[in-house]
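Structure, as structure tokens:
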Amino acid sequence: VKCRKEAKAKLVDKWCCRKCYSSLVEQKIRHNLRNHRIEKGCRLLVSDRACEYVAKKVIHLPVTIVKNGQKADYTVLPWTLDDENEDFLKKFFEKKEIFCSENPKIIKLFYPISKDEMKTYLAIKKVPFKRGKSEINTLLDAFDEKYPGTKTALLSSEEKLRQIICE
Ligand SMILES: [Zn+2]
């Protein structure tokens, strides 16, 4: 994406204006959703307003948003790259099993982006969101600041490891 507007927000290593930032984020999320077979008429259970807003924004199909307790085809979680990394590390720390198969009924909506990126996006769109960072998250952010790329490297290590285990 190239435009002549003043850069306002940073996405991974790219600086861009708010409009380009939003469309890049949506593009990433939409691309990741290809892993799920969302069809016309699907019933999506969303966990908060942010998930509802983004799901409607990136899914270009008529879907039904449902509330807790109603029948749903998918559960949409505000799950980011940081949540994935944290979950992965905790499995190591606590010697838990690494699962081969992901639950296909759960959509980790913000999987391709970090929590900071998600927050920036939601702030641009003026969608309220409240949830702090965990200790591991804060630690990894500090690490990533010092050694850029740490977090995405960790995510791809996890993906590789899962492939090896599950082959
Ligand atoms: Zn732009």
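Convention: chains lettered A, B, ... in structure tokens order; per-chain residue numbering from 1; ligands numbered from 1 as shown.
The list of residues with at least one atom within 12 Å of A:Leu11, based on only C-alpha atoms and without residues fewer than 6 positions apart in the same chain, reads Cys17, Arg18, Cys20, Tyr21, Ser22, Ser23, Leu24, Val25, Glu26, Lys28, Pro112, Ile113, Ser114, Lys115, Asp116, Glu117, Met118, Lys119, Thr120 and Tyr121 of chain A.
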Writing out the chosen residues with N, CA and C atoms as a CSV table (one decimal), in the first residue's frame:
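What landed in out.csv:
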```csv
chain,number,residue,atom,x,y,z
A,17,CYS,N,-0.3,5.7,7.1
A,17,CYS,CA,-1.3,6.6,7.6
A,17,CYS,C,-2.4,5.7,8.2
A,18,ARG,N,-3.4,6.3,8.9
A,18,ARG,CA,-4.4,5.5,9.6
A,18,ARG,C,-5.2,4.6,8.7
A,20,CYS,N,-4.4,3.4,5.6
A,20,CYS,CA,-3.6,2.3,5.1
A,20,CYS,C,-3.4,1.2,6.2
A,21,TYR,N,-3.2,1.7,7.4
A,21,TYR,CA,-2.9,0.8,8.6
A,21,TYR,C,-4.2,-0.1,8.7
A,22,SER,N,-5.3,0.6,8.8
A,22,SER,CA,-6.5,-0.2,9.0
A,22,SER,C,-6.7,-1.2,7.9
A,23,SER,N,-6.5,-0.8,6.6
A,23,SER,CA,-6.8,-1.8,5.6
A,23,SER,C,-5.7,-2.9,5.6
A,24,LEU,N,-4.5,-2.6,6.0
A,24,LEU,CA,-3.5,-3.7,6.1
A,24,LEU,C,-3.9,-4.7,7.2
A,25,VAL,N,-4.3,-4.2,8.3
A,25,VAL,CA,-4.8,-5.0,9.4
A,25,VAL,C,-5.9,-5.9,9.0
A,26,GLU,N,-6.9,-5.3,8.3
A,26,GLU,CA,-8.0,-6.1,7.9
A,26,GLU,C,-7.7,-7.1,6.9
A,28,LYS,N,-4.7,-8.7,6.7
A,28,LYS,CA,-4.1,-9.8,7.4
A,28,LYS,C,-5.1,-10.7,8.0
A,112,PRO,N,-3.0,-13.0,13.4
A,112,PRO,CA,-1.8,-12.5,12.7
A,112,PRO,C,-1.2,-11.1,13.2
A,113,ILE,N,-1.9,-10.5,14.2
A,113,ILE,CA,-1.3,-9.2,14.7
A,113,ILE,C,-1.1,-9.2,16.2
A,114,SER,N,-0.3,-8.3,16.6
A,114,SER,CA,0.0,-8.2,18.1
A,114,SER,C,-1.1,-7.5,18.8
A,115,LYS,N,-1.0,-7.5,20.1
A,115,LYS,CA,-2.0,-6.9,20.9
A,115,LYS,C,-1.9,-5.3,20.7
A,116,ASP,N,-0.7,-4.8,20.6
A,116,ASP,CA,-0.6,-3.4,20.4
A,116,ASP,C,-1.2,-3.0,19.1
A,117,GLU,N,-0.9,-3.8,18.1
A,117,GLU,CA,-1.5,-3.5,16.7
A,117,GLU,C,-3.0,-3.6,16.8
A,118,MET,N,-3.5,-4.5,17.5
A,118,MET,CA,-5.0,-4.7,17.6
A,118,MET,C,-5.5,-3.4,18.3
A,119,LYS,N,-4.9,-3.0,19.4
A,119,LYS,CA,-5.3,-1.8,20.1
A,119,LYS,C,-5.3,-0.5,19.2
A,120,THR,N,-4.2,-0.4,18.5
A,120,THR,CA,-4.1,0.8,17.6
A,120,THR,C,-5.2,0.8,16.6
A,121,TYR,N,-5.4,-0.4,16.0
A,121,TYR,CA,-6.5,-0.5,15.0
A,121,TYR,C,-7.9,-0.1,15.6
```
Based on DSSP run over this structure's backbone, return all residues of chain A in helix (DSSP H, G or I), as an MDAnalysis selection string.
chainID A and resid 18:35 49:58 81:93 115:124 135:146 150:166
Out of stretch 97-164 of chain A, which residues get strand (DSSP E or B) from DSSP, as a PDB file with C-alpha atoms, in the first residue's frame?
```
ATOM      1  CA  ILE A 106     -12.729 -21.450  17.371  1.00  0.00           C
ATOM      2  CA  ILE A 107     -11.635 -18.441  15.381  1.00  0.00           C
ATOM      3  CA  LYS A 108      -8.608 -16.636  16.754  1.00  0.00           C
ATOM      4  CA  LEU A 109      -9.549 -13.396  15.102  1.00  0.00           C
ATOM      5  CA  PHE A 110      -6.409 -11.333  15.709  1.00  0.00           C
TER       6      PHE A 110
END
```
Write out as a CSV table (one decimal) with C-alpha atoms, in the first residue's frame the residues lying within 12 Å of A:Ser134, counting only C-alpha atoms and excluding same-chain residues fewer than 3 positions away.
```
chain,number,residue,atom,x,y,z
A,82,ASP,CA,0.7,-12.4,21.8
A,83,ASP,CA,-1.9,-14.7,23.2
A,85,ASN,CA,2.9,-16.9,22.1
A,86,GLU,CA,1.9,-16.8,25.7
A,87,ASP,CA,-0.1,-20.0,25.4
A,90,LYS,CA,3.1,-21.6,29.1
A,115,LYS,CA,-2.0,-6.9,20.9
A,131,ARG,CA,-7.9,-5.9,28.5
A,137,ASN,CA,3.2,-10.4,27.1
A,138,THR,CA,5.0,-7.4,28.6
A,139,LEU,CA,8.2,-9.4,28.8
A,140,LEU,CA,8.0,-10.5,25.2
A,141,ASP,CA,7.2,-6.9,24.1
```
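Comparing the minimum interatomic distances between ligand 1 and each of A:Lys96, A:Lys160, A:Lys10, A:Lys19, counting only C-alpha atoms and all ligand atoms, we find that A:Lys19 sits nearest.
Ranking A:Cys16, A:Ala9, A:Cys51, A:Leu45 by their shortest atom-to-atom distance to ligand 1, with only C-alpha atoms and all ligand atoms included, puts A:Cys16 first.
Between A:Ile38 and the candidates A:Glu52, A:Glu6, A:Glu94, A:Asp73, the tightest atom-to-atom separation, counting only C-alpha atoms, involves A:Asp73.
Taking atom CA of A:Ser157 and atom CA of A:Lys14 as endpoints, the distance between them is 22.9 Å.
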Please measure the separation of atom CA of A:Trp79 and atom CA of A:Cys100, giving the value in Å to one decimal.
18.4 Å
